[in-house]
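*Asks:* I'd like to ask some things about the structure below.
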Amino acid sequence: MRLLEITPVFVETIPQKLEDGKLYISKEFGIVAHSCACGCGGRCIMDLKPYWKDGWTLTEHGNNVVSLSPSVGNWSGENPYHAHYFIKNNKIDWL
Ligand SMILES: [Zn+2]
């Protein structure tokens, strides 16, 4: 089932098991991870700028609300490219 929102969880290291609907953010390692919002269970790991120059930018709006840019595409798991969305203000905007 496609998720429509996601809750940021600030962690030091990304846990092995990613719960659906949670966006794990490790500022220590400059990584954001979540379970693909389509519900397939694929791990989606993103590197943040400036750790990776072509990485994503995480914007914190306060009150535990975040946005990521650019959009997220998920190729992971057994499926080829199959999910594409923006994460904006904790909402998942499907493309
Ligand atoms: Zn998926």
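In the structure tokens, chains take letters A, B, ... by order of appearance, with residues numbered from 1 within each chain and ligands from 1 in the order shown.
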Check chain A with DSSP on the backbone and list each residue it calls strand (DSSP E), as a ChimeraX atom specification.

*Replies:* /A:7-10,22-26,31-35,43-47,57-62,65-74,83-88,91-94

*Asks:* Just the selected residues (C-alpha atoms), exported as a PDB file, in the first residue's frame, please.

*Replies:*
ATOM      1  CA  THR A   7       7.597  10.558  10.247  1.00  0.00           C
ATOM      2  CA  PRO A   8      11.202  11.634  10.744  1.00  0.00           C
ATOM      3  CA  VAL A   9      13.186   9.701  13.340  1.00  0.00           C
ATOM      4  CA  PHE A  10      16.606  11.053  14.247  1.00  0.00           C
ATOM      5  CA  LYS A  22       9.506   6.241   9.261  1.00  0.00           C
ATOM      6  CA  LEU A  23      12.244   8.338   7.771  1.00  0.00           C
ATOM      7  CA  TYR A  24      15.463   7.560   9.620  1.00  0.00           C
ATOM      8  CA  ILE A  25      17.915  10.434   9.638  1.00  0.00           C
ATOM      9  CA  SER A  26      21.529  10.091  10.749  1.00  0.00           C
ATOM     10  CA  ILE A  31      22.419   9.341   5.642  1.00  0.00           C
ATOM     11  CA  VAL A  32      18.655   9.189   5.346  1.00  0.00           C
ATOM     12  CA  ALA A  33      16.955   5.802   5.071  1.00  0.00           C
ATOM     13  CA  HIS A  34      13.416   4.528   4.792  1.00  0.00           C
ATOM     14  CA  SER A  35      11.459   1.567   3.647  1.00  0.00           C
ATOM     15  CA  ARG A  43      15.456  -0.300   1.548  1.00  0.00           C
ATOM     16  CA  CYS A  44      15.984   3.183   0.264  1.00  0.00           C
ATOM     17  CA  ILE A  45      19.232   4.752   1.462  1.00  0.00           C
ATOM     18  CA  MET A  46      20.148   8.286   0.515  1.00  0.00           C
ATOM     19  CA  ASP A  47      23.341  10.212   1.111  1.00  0.00           C
ATOM     20  CA  THR A  57      19.255  18.136   0.846  1.00  0.00           C
ATOM     21  CA  LEU A  58      17.298  17.694   4.054  1.00  0.00           C
ATOM     22  CA  THR A  59      15.356  20.709   5.246  1.00  0.00           C
ATOM     23  CA  GLU A  60      14.055  20.838   8.800  1.00  0.00           C
ATOM     24  CA  HIS A  61      10.994  22.990   9.289  1.00  0.00           C
ATOM     25  CA  GLY A  62      10.769  22.556  13.056  1.00  0.00           C
ATOM     26  CA  VAL A  65       8.737  18.235  10.046  1.00  0.00           C
ATOM     27  CA  VAL A  66      11.201  17.713   7.203  1.00  0.00           C
ATOM     28  CA  SER A  67      11.490  17.877   3.446  1.00  0.00           C
ATOM     29  CA  LEU A  68      13.956  16.193   1.117  1.00  0.00           C
ATOM     30  CA  SER A  69      15.032  17.360  -2.271  1.00  0.00           C
ATOM     31  CA  PRO A  70      15.268  16.338  -5.004  1.00  0.00           C
ATOM     32  CA  SER A  71      12.691  13.568  -5.396  1.00  0.00           C
ATOM     33  CA  VAL A  72      13.205   9.971  -4.285  1.00  0.00           C
ATOM     34  CA  GLY A  73      13.308   7.127  -6.772  1.00  0.00           C
ATOM     35  CA  ASN A  74      13.491   3.576  -5.551  1.00  0.00           C
ATOM     36  CA  ALA A  83       8.461   4.274  -7.116  1.00  0.00           C
ATOM     37  CA  HIS A  84       9.033   7.982  -7.487  1.00  0.00           C
ATOM     38  CA  TYR A  85       7.945  10.652  -5.025  1.00  0.00           C
ATOM     39  CA  PHE A  86       8.799  13.808  -3.191  1.00  0.00           C
ATOM     40  CA  ILE A  87       8.986  13.992   0.592  1.00  0.00           C
ATOM     41  CA  LYS A  88       7.643  17.423   1.496  1.00  0.00           C
ATOM     42  CA  LYS A  91       3.992  14.183   3.184  1.00  0.00           C
ATOM     43  CA  ILE A  92       4.675  11.812   0.325  1.00  0.00           C
ATOM     44  CA  ASP A  93       3.872  13.412  -2.968  1.00  0.00           C
ATOM     45  CA  TRP A  94       3.632  10.710  -5.602  1.00  0.00           C
TER      46      TRP A  94
END

*Asks:* Counting only C-alpha atoms and all ligand atoms, which protein, DNA or RNA residues come within 6 Å of ligand 1, given as number ranges by chain?

*Replies:* A: 36, 38-40, 42, 83

*Asks:* Nearest to Lys17 of chain A: which of A:Gly41, A:Lys49, A:Gly30, A:Met1 is it, counting only C-alpha atoms?

*Replies:* A:Gly41

*Asks:* Identify which of the residues A:Leu48, A:Asn89, A:Leu3, A:His82 lies closest to Asn64 of chain A, counting only C-alpha atoms when measuring atom-to-atom distances.

*Replies:*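 Comparing A:Leu48, A:Asn89, A:Leu3, A:His82 against Asn64 of chain A, the winner is A:Asn89.
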
*Asks:* Could you check how far atom CA of Lys53 of chain A sits from atom CA of Thr13 of chain A, in Å to one decimal?

*Replies:*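 Distance reported for this atom pair: 20.9 Å.
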